[in-house]
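Novice: Got a structure for you, written out below as structure tokens; questions coming shortly.
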Amino acid sequence: MVEKYKKENANDVVFNLEYNSERQRLLIPEYGRHLQKLIDQATIIEDAETRNKAAKYIIQVMGSLNPHLRDVPDFQHKLWDQLFIMSDFKLDVESPYPIPSRDVLQLKPDVLQYPQNFPKYRFYGNNIKYMIDVANKWEDGEMKNALVLVIANHMKKSFLSWNKDTVKDDVIFEHLYELSGGKINLVQSTEELLNTTDLMRTNKRMSNKISTTGQPKIQSNKNSNNNNKGGKQKPFQKNNNQK
């Protein structure tokens with residue numbers, strides 16, 4: 001009898017084992033299977049009042065996972081939407097927010113219009129191209145001439161940042177002429193850009209301010225703890241009161 005009882009219990013244990021591969025797929029896995037079972041039980045409740053109370057209780061349980069966002073209105077809206085999604089849109093309760101439809105989940109966002117992926121002169125960057133396009137839209141005058149000169153100097157500085165060598169102004173003017181579509185022509189002008197040495201010194205000064213980890217270097221102030229005038233360090237005084 002004992003052996004027969006053990007065999008029957010062993011069969012029951014094996015029969016009741018559940019594997020995740022055999023269970024129903026969770027629509028929102030981060031809430032866990034127990035909450036999914038609560039929602040499934042609330043869905044089949046016949047009494048409308050009891051079903052609404054169960055839905056509000058489930059919302060409180062969902063909000064307890066993020067207590068710092070539980071009382072935020074937008075977060076409450078998100079919880080109610082997730083409740084209907086996890087019920088497979090079968091839960092019939094009164095919601096304080098518009099009930100989402102199944103079609104909303106199938107909507108895809110618009111494709112982002114990324115900037116040009118393969119610019120001819122990558123060392124200038126895309127911002128230079130945007131500045132050139134803005135300069136093309138301006139009317140001729142002193143403001144446009146000043147903007148064009150700023151753009152050209154920045155192009156020269158960017159060129160020197162990636163190409164550690166000198167560069168003639170004519171090369172920058174030709175690139176500017178090409179990037180502007182022939183609308184900005186400084187090739188035959190008498191304008192002169194900043195000196196290469198000054199631009200290289202500026203780039204080196206900016207690079208020294210950034211450490212290898214990408215964080216600004218913190219310069220220690222030796223006199224930060226000195227309260228005496230003249231920046232003199234306070235002499236050490238021995239405490240004679242201690243024996």
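Ordering of the structure tokens sets the chain letters (A, B, ...), residue numbers begin anew at 1 in every chain, and ligands are numbered from 1 in the order given.
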Run DSSP on the backbone and give me the residues of stretch 88-209 of chain A it puts in alpha helix (DSSP H), as a PyMOL selection string.
Specialist: chain A and resi 102-105+126-137+142-162+169-179+196-208
Novice: Taking C-alpha atoms for each residue, export the selection above as an mmCIF file, in the first residue's frame.
Specialist:
```cif
data_model
loop_
_atom_site.group_PDB
_atom_site.id
_atom_site.type_symbol
_atom_site.label_atom_id
_atom_site.label_comp_id
_atom_site.auth_asym_id
_atom_site.auth_seq_id
_atom_site.Cartn_x
_atom_site.Cartn_y
_atom_site.Cartn_z
ATOM 1 C CA ARG A 102 -5.904 46.748 -30.714
ATOM 2 C CA ASP A 103 -5.065 48.785 -33.814
ATOM 3 C CA VAL A 104 -3.023 51.237 -31.756
ATOM 4 C CA LEU A 105 -0.498 48.524 -30.881
ATOM 5 C CA ASN A 126 26.855 68.218 -40.370
ATOM 6 C CA ASN A 127 26.487 71.435 -38.366
ATOM 7 C CA ILE A 128 28.743 73.249 -40.796
ATOM 8 C CA LYS A 129 26.448 72.220 -43.642
ATOM 9 C CA TYR A 130 23.451 73.545 -41.720
ATOM 10 C CA MET A 131 25.249 76.868 -41.129
ATOM 11 C CA ILE A 132 26.118 77.128 -44.814
ATOM 12 C CA ASP A 133 22.489 76.496 -45.777
ATOM 13 C CA VAL A 134 21.390 79.265 -43.398
ATOM 14 C CA ALA A 135 23.974 81.640 -44.857
ATOM 15 C CA ASN A 136 22.677 80.921 -48.373
ATOM 16 C CA LYS A 137 19.226 82.116 -47.335
ATOM 17 C CA GLU A 142 27.628 92.855 -43.643
ATOM 18 C CA MET A 143 25.794 90.286 -41.498
ATOM 19 C CA LYS A 144 26.083 87.600 -44.164
ATOM 20 C CA ASN A 145 29.738 88.414 -44.809
ATOM 21 C CA ALA A 146 30.481 88.122 -41.091
ATOM 22 C CA LEU A 147 28.634 84.796 -40.871
ATOM 23 C CA VAL A 148 30.493 83.435 -43.903
ATOM 24 C CA LEU A 149 33.811 84.447 -42.357
ATOM 25 C CA VAL A 150 32.897 82.714 -39.073
ATOM 26 C CA ILE A 151 31.938 79.572 -40.988
ATOM 27 C CA ALA A 152 35.208 79.576 -42.919
ATOM 28 C CA ASN A 153 37.281 79.982 -39.739
ATOM 29 C CA HIS A 154 35.363 77.170 -38.070
ATOM 30 C CA MET A 155 35.934 74.969 -41.124
ATOM 31 C CA LYS A 156 39.645 75.651 -40.906
ATOM 32 C CA LYS A 157 39.688 74.803 -37.204
ATOM 33 C CA SER A 158 37.786 71.557 -37.843
ATOM 34 C CA PHE A 159 40.179 70.689 -40.653
ATOM 35 C CA LEU A 160 43.161 71.136 -38.335
ATOM 36 C CA SER A 161 41.488 69.093 -35.585
ATOM 37 C CA TRP A 162 41.447 65.969 -37.758
ATOM 38 C CA ASP A 169 42.942 79.338 -46.989
ATOM 39 C CA ASP A 170 42.344 78.566 -50.654
ATOM 40 C CA VAL A 171 41.543 74.938 -49.760
ATOM 41 C CA ILE A 172 38.946 76.046 -47.203
ATOM 42 C CA PHE A 173 37.442 78.501 -49.700
ATOM 43 C CA GLU A 174 37.167 75.779 -52.335
ATOM 44 C CA HIS A 175 35.438 73.434 -49.892
ATOM 45 C CA LEU A 176 33.089 76.230 -48.835
ATOM 46 C CA TYR A 177 32.285 76.960 -52.456
ATOM 47 C CA GLU A 178 31.532 73.281 -53.074
ATOM 48 C CA LEU A 179 29.420 72.770 -49.929
ATOM 49 C CA THR A 196 46.971 78.278 -38.251
ATOM 50 C CA THR A 197 49.101 78.566 -35.110
ATOM 51 C CA ASP A 198 46.339 80.373 -33.239
ATOM 52 C CA LEU A 199 43.739 77.799 -34.271
ATOM 53 C CA MET A 200 46.011 74.915 -33.283
ATOM 54 C CA ARG A 201 46.645 76.578 -29.922
ATOM 55 C CA THR A 202 42.889 76.898 -29.400
ATOM 56 C CA ASN A 203 42.314 73.231 -30.221
ATOM 57 C CA LYS A 204 45.098 72.177 -27.881
ATOM 58 C CA ARG A 205 43.704 74.329 -25.078
ATOM 59 C CA MET A 206 40.253 72.790 -25.496
ATOM 60 C CA SER A 207 41.648 69.238 -25.570
ATOM 61 C CA ASN A 208 43.637 69.814 -22.381
#
```
Novice: Determine the nearest neighbour of A:Gln60 from the options A:Gln76, A:Val187, A:Glu46, A:His34, counting only C-alpha atoms.
Specialist: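 For A:Gln60, the nearest of the candidates is A:Gln76.
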Novice: If we count only C-alpha atoms and set the cut-off at 12 Å, which residues sit around A:Leu26, ignoring sequence neighbours fewer than 2 positions away in its own chain? Please answer as a list of chain:residue names.
Specialist: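 The residues satisfying every condition are A:Asn20, A:Ser21, A:Glu22, A:Arg23, A:Gln24, A:Ile28, A:Pro29, A:Glu30, A:Tyr31, A:Gly32, A:Arg33, A:His34, A:Leu35, A:Gln36, A:Lys37, A:Ile39, A:Asp40, A:Ile85, A:Met86, A:Ser87, A:Asp88.
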Novice: Please indicate the distance in Å from atom CA of A:Phe123 to atom CA of A:Gly181, rounded to one decimal place.
Specialist: 18.5 Å
Novice: Separation of atom CA of A:Pro73 and atom CA of A:Lys53, in Å?
Specialist: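 These atoms are spaced 19.5 Å apart.
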Novice: Do you know which residues are at most 12 Å from A:Lys78 counting only C-alpha atoms, after dropping those on the same chain fewer than 5 positions away, and could you put them as a ChimeraX atom specification?
Specialist: /A:59,62-63,69-73,83-85,95-100
Novice: Can you write out the residues you just picked, keeping all heavy atoms, as a tab-separated table (two decimals), in the first residue's frame?
Specialist:
```
chain	number	residue	atom	x	y	z
A	59	ILE	N	-4.72	48.03	-10.53
A	59	ILE	CA	-3.97	49.25	-10.85
A	59	ILE	C	-3.10	49.66	-9.67
A	59	ILE	O	-1.95	50.11	-9.85
A	59	ILE	CB	-4.94	50.38	-11.24
A	59	ILE	CG1	-5.58	50.09	-12.60
A	59	ILE	CG2	-4.23	51.74	-11.28
A	59	ILE	CD1	-4.62	50.09	-13.75
A	62	MET	N	-0.10	47.40	-9.64
A	62	MET	CA	0.83	47.78	-10.69
A	62	MET	C	1.59	49.05	-10.33
A	62	MET	O	2.79	49.17	-10.61
A	62	MET	CB	0.07	47.95	-12.01
A	62	MET	CG	-0.55	46.67	-12.55
A	62	MET	SD	-1.67	46.95	-13.94
A	62	MET	CE	-0.53	47.58	-15.17
A	63	GLY	N	0.89	50.00	-9.70
A	63	GLY	CA	1.55	51.23	-9.30
A	63	GLY	C	2.53	51.05	-8.17
A	63	GLY	O	3.48	51.83	-8.03
A	69	LEU	N	6.11	57.04	-9.04
A	69	LEU	CA	5.32	57.49	-10.19
A	69	LEU	C	3.84	57.14	-10.07
A	69	LEU	O	3.08	57.36	-11.00
A	69	LEU	CB	5.86	56.86	-11.49
A	69	LEU	CG	7.30	57.21	-11.86
A	69	LEU	CD1	7.74	56.39	-13.06
A	69	LEU	CD2	7.46	58.69	-12.13
A	70	ARG	N	3.44	56.62	-8.90
A	70	ARG	CA	2.09	56.09	-8.77
A	70	ARG	C	1.03	57.17	-8.88
A	70	ARG	O	-0.06	56.93	-9.42
A	70	ARG	CB	1.97	55.37	-7.42
A	70	ARG	CG	0.64	54.69	-7.19
A	70	ARG	CD	0.72	53.81	-5.97
A	70	ARG	NE	1.31	54.53	-4.85
A	70	ARG	CZ	1.73	53.92	-3.73
A	70	ARG	NH1	1.65	52.62	-3.62
A	70	ARG	NH2	2.26	54.64	-2.75
A	71	ASP	N	1.31	58.38	-8.40
A	71	ASP	CA	0.31	59.45	-8.39
A	71	ASP	C	0.46	60.43	-9.55
A	71	ASP	O	-0.22	61.45	-9.58
A	71	ASP	CB	0.39	60.22	-7.06
A	71	ASP	CG	0.09	59.32	-5.87
A	71	ASP	OD1	-0.72	58.38	-6.04
A	71	ASP	OD2	0.65	59.55	-4.79
A	72	VAL	N	1.34	60.16	-10.48
A	72	VAL	CA	1.50	61.03	-11.64
A	72	VAL	C	0.38	60.74	-12.63
A	72	VAL	O	0.14	59.57	-12.97
A	72	VAL	CB	2.87	60.80	-12.30
A	72	VAL	CG1	3.03	61.68	-13.54
A	72	VAL	CG2	3.98	61.08	-11.30
A	73	PRO	N	-0.34	61.77	-13.11
A	73	PRO	CA	-1.49	61.51	-14.01
A	73	PRO	C	-1.10	60.75	-15.27
A	73	PRO	O	-1.80	59.81	-15.68
A	73	PRO	CB	-2.00	62.92	-14.34
A	73	PRO	CG	-1.54	63.77	-13.19
A	73	PRO	CD	-0.22	63.20	-12.77
A	83	LEU	N	-3.19	47.70	-18.49
A	83	LEU	CA	-4.18	46.76	-17.96
A	83	LEU	C	-5.04	46.19	-19.07
A	83	LEU	O	-5.28	44.97	-19.13
A	83	LEU	CB	-5.05	47.48	-16.92
A	83	LEU	CG	-6.21	46.68	-16.33
A	83	LEU	CD1	-5.70	45.46	-15.57
A	83	LEU	CD2	-7.07	47.56	-15.43
A	84	PHE	N	-5.50	47.03	-19.97
A	84	PHE	CA	-6.32	46.55	-21.09
A	84	PHE	C	-5.50	45.70	-22.05
A	84	PHE	O	-6.01	44.73	-22.62
A	84	PHE	CB	-6.96	47.73	-21.82
A	84	PHE	CG	-8.05	48.40	-21.04
A	84	PHE	CD1	-7.87	49.66	-20.49
A	84	PHE	CD2	-9.27	47.77	-20.83
A	84	PHE	CE1	-8.87	50.28	-19.78
A	84	PHE	CE2	-10.29	48.39	-20.11
A	84	PHE	CZ	-10.08	49.64	-19.57
A	85	ILE	N	-4.25	46.06	-22.23
A	85	ILE	CA	-3.39	45.27	-23.13
A	85	ILE	C	-3.16	43.88	-22.56
A	85	ILE	O	-3.24	42.87	-23.28
A	85	ILE	CB	-2.06	46.00	-23.37
A	85	ILE	CG1	-2.29	47.29	-24.15
A	85	ILE	CG2	-1.07	45.11	-24.11
A	85	ILE	CD1	-1.07	48.17	-24.27
A	95	SER	N	-13.08	53.00	-17.25
A	95	SER	CA	-11.73	53.56	-17.17
A	95	SER	C	-11.80	55.08	-17.15
A	95	SER	O	-12.60	55.68	-17.88
A	95	SER	CB	-10.89	53.09	-18.36
A	95	SER	OG	-9.64	53.74	-18.37
A	96	PRO	N	-10.98	55.73	-16.33
A	96	PRO	CA	-10.95	57.21	-16.33
A	96	PRO	C	-10.29	57.79	-17.57
A	96	PRO	O	-10.30	59.01	-17.76
A	96	PRO	CB	-10.15	57.54	-15.07
A	96	PRO	CG	-9.30	56.34	-14.83
A	96	PRO	CD	-10.10	55.16	-15.31
A	97	TYR	N	-9.74	56.94	-18.41
A	97	TYR	CA	-9.06	57.40	-19.63
A	97	TYR	C	-9.65	56.66	-20.83
A	97	TYR	O	-10.30	55.62	-20.68
A	97	TYR	CB	-7.56	57.11	-19.54
A	97	TYR	CG	-6.90	57.70	-18.32
A	97	TYR	CD1	-6.67	56.92	-17.19
A	97	TYR	CD2	-6.53	59.03	-18.28
A	97	TYR	CE1	-6.08	57.46	-16.06
A	97	TYR	CE2	-5.93	59.58	-17.15
A	97	TYR	CZ	-5.70	58.79	-16.05
A	97	TYR	OH	-5.13	59.32	-14.93
A	98	PRO	N	-9.46	57.19	-22.03
A	98	PRO	CA	-9.96	56.50	-23.23
A	98	PRO	C	-9.35	55.10	-23.35
A	98	PRO	O	-8.15	54.91	-23.17
A	98	PRO	CB	-9.51	57.41	-24.38
A	98	PRO	CG	-9.32	58.75	-23.76
A	98	PRO	CD	-8.86	58.50	-22.36
A	99	ILE	N	-10.21	54.14	-23.64
A	99	ILE	CA	-9.75	52.76	-23.74
A	99	ILE	C	-9.04	52.56	-25.08
A	99	ILE	O	-9.59	52.89	-26.14
A	99	ILE	CB	-10.94	51.79	-23.62
A	99	ILE	CG1	-11.63	51.98	-22.26
A	99	ILE	CG2	-10.48	50.35	-23.80
A	99	ILE	CD1	-12.87	51.12	-22.09
A	100	PRO	N	-7.81	52.07	-25.07
A	100	PRO	CA	-7.09	51.88	-26.34
A	100	PRO	C	-7.67	50.72	-27.13
A	100	PRO	O	-8.35	49.84	-26.59
A	100	PRO	CB	-5.65	51.59	-25.87
A	100	PRO	CG	-5.82	50.97	-24.53
A	100	PRO	CD	-7.02	51.65	-23.90
```
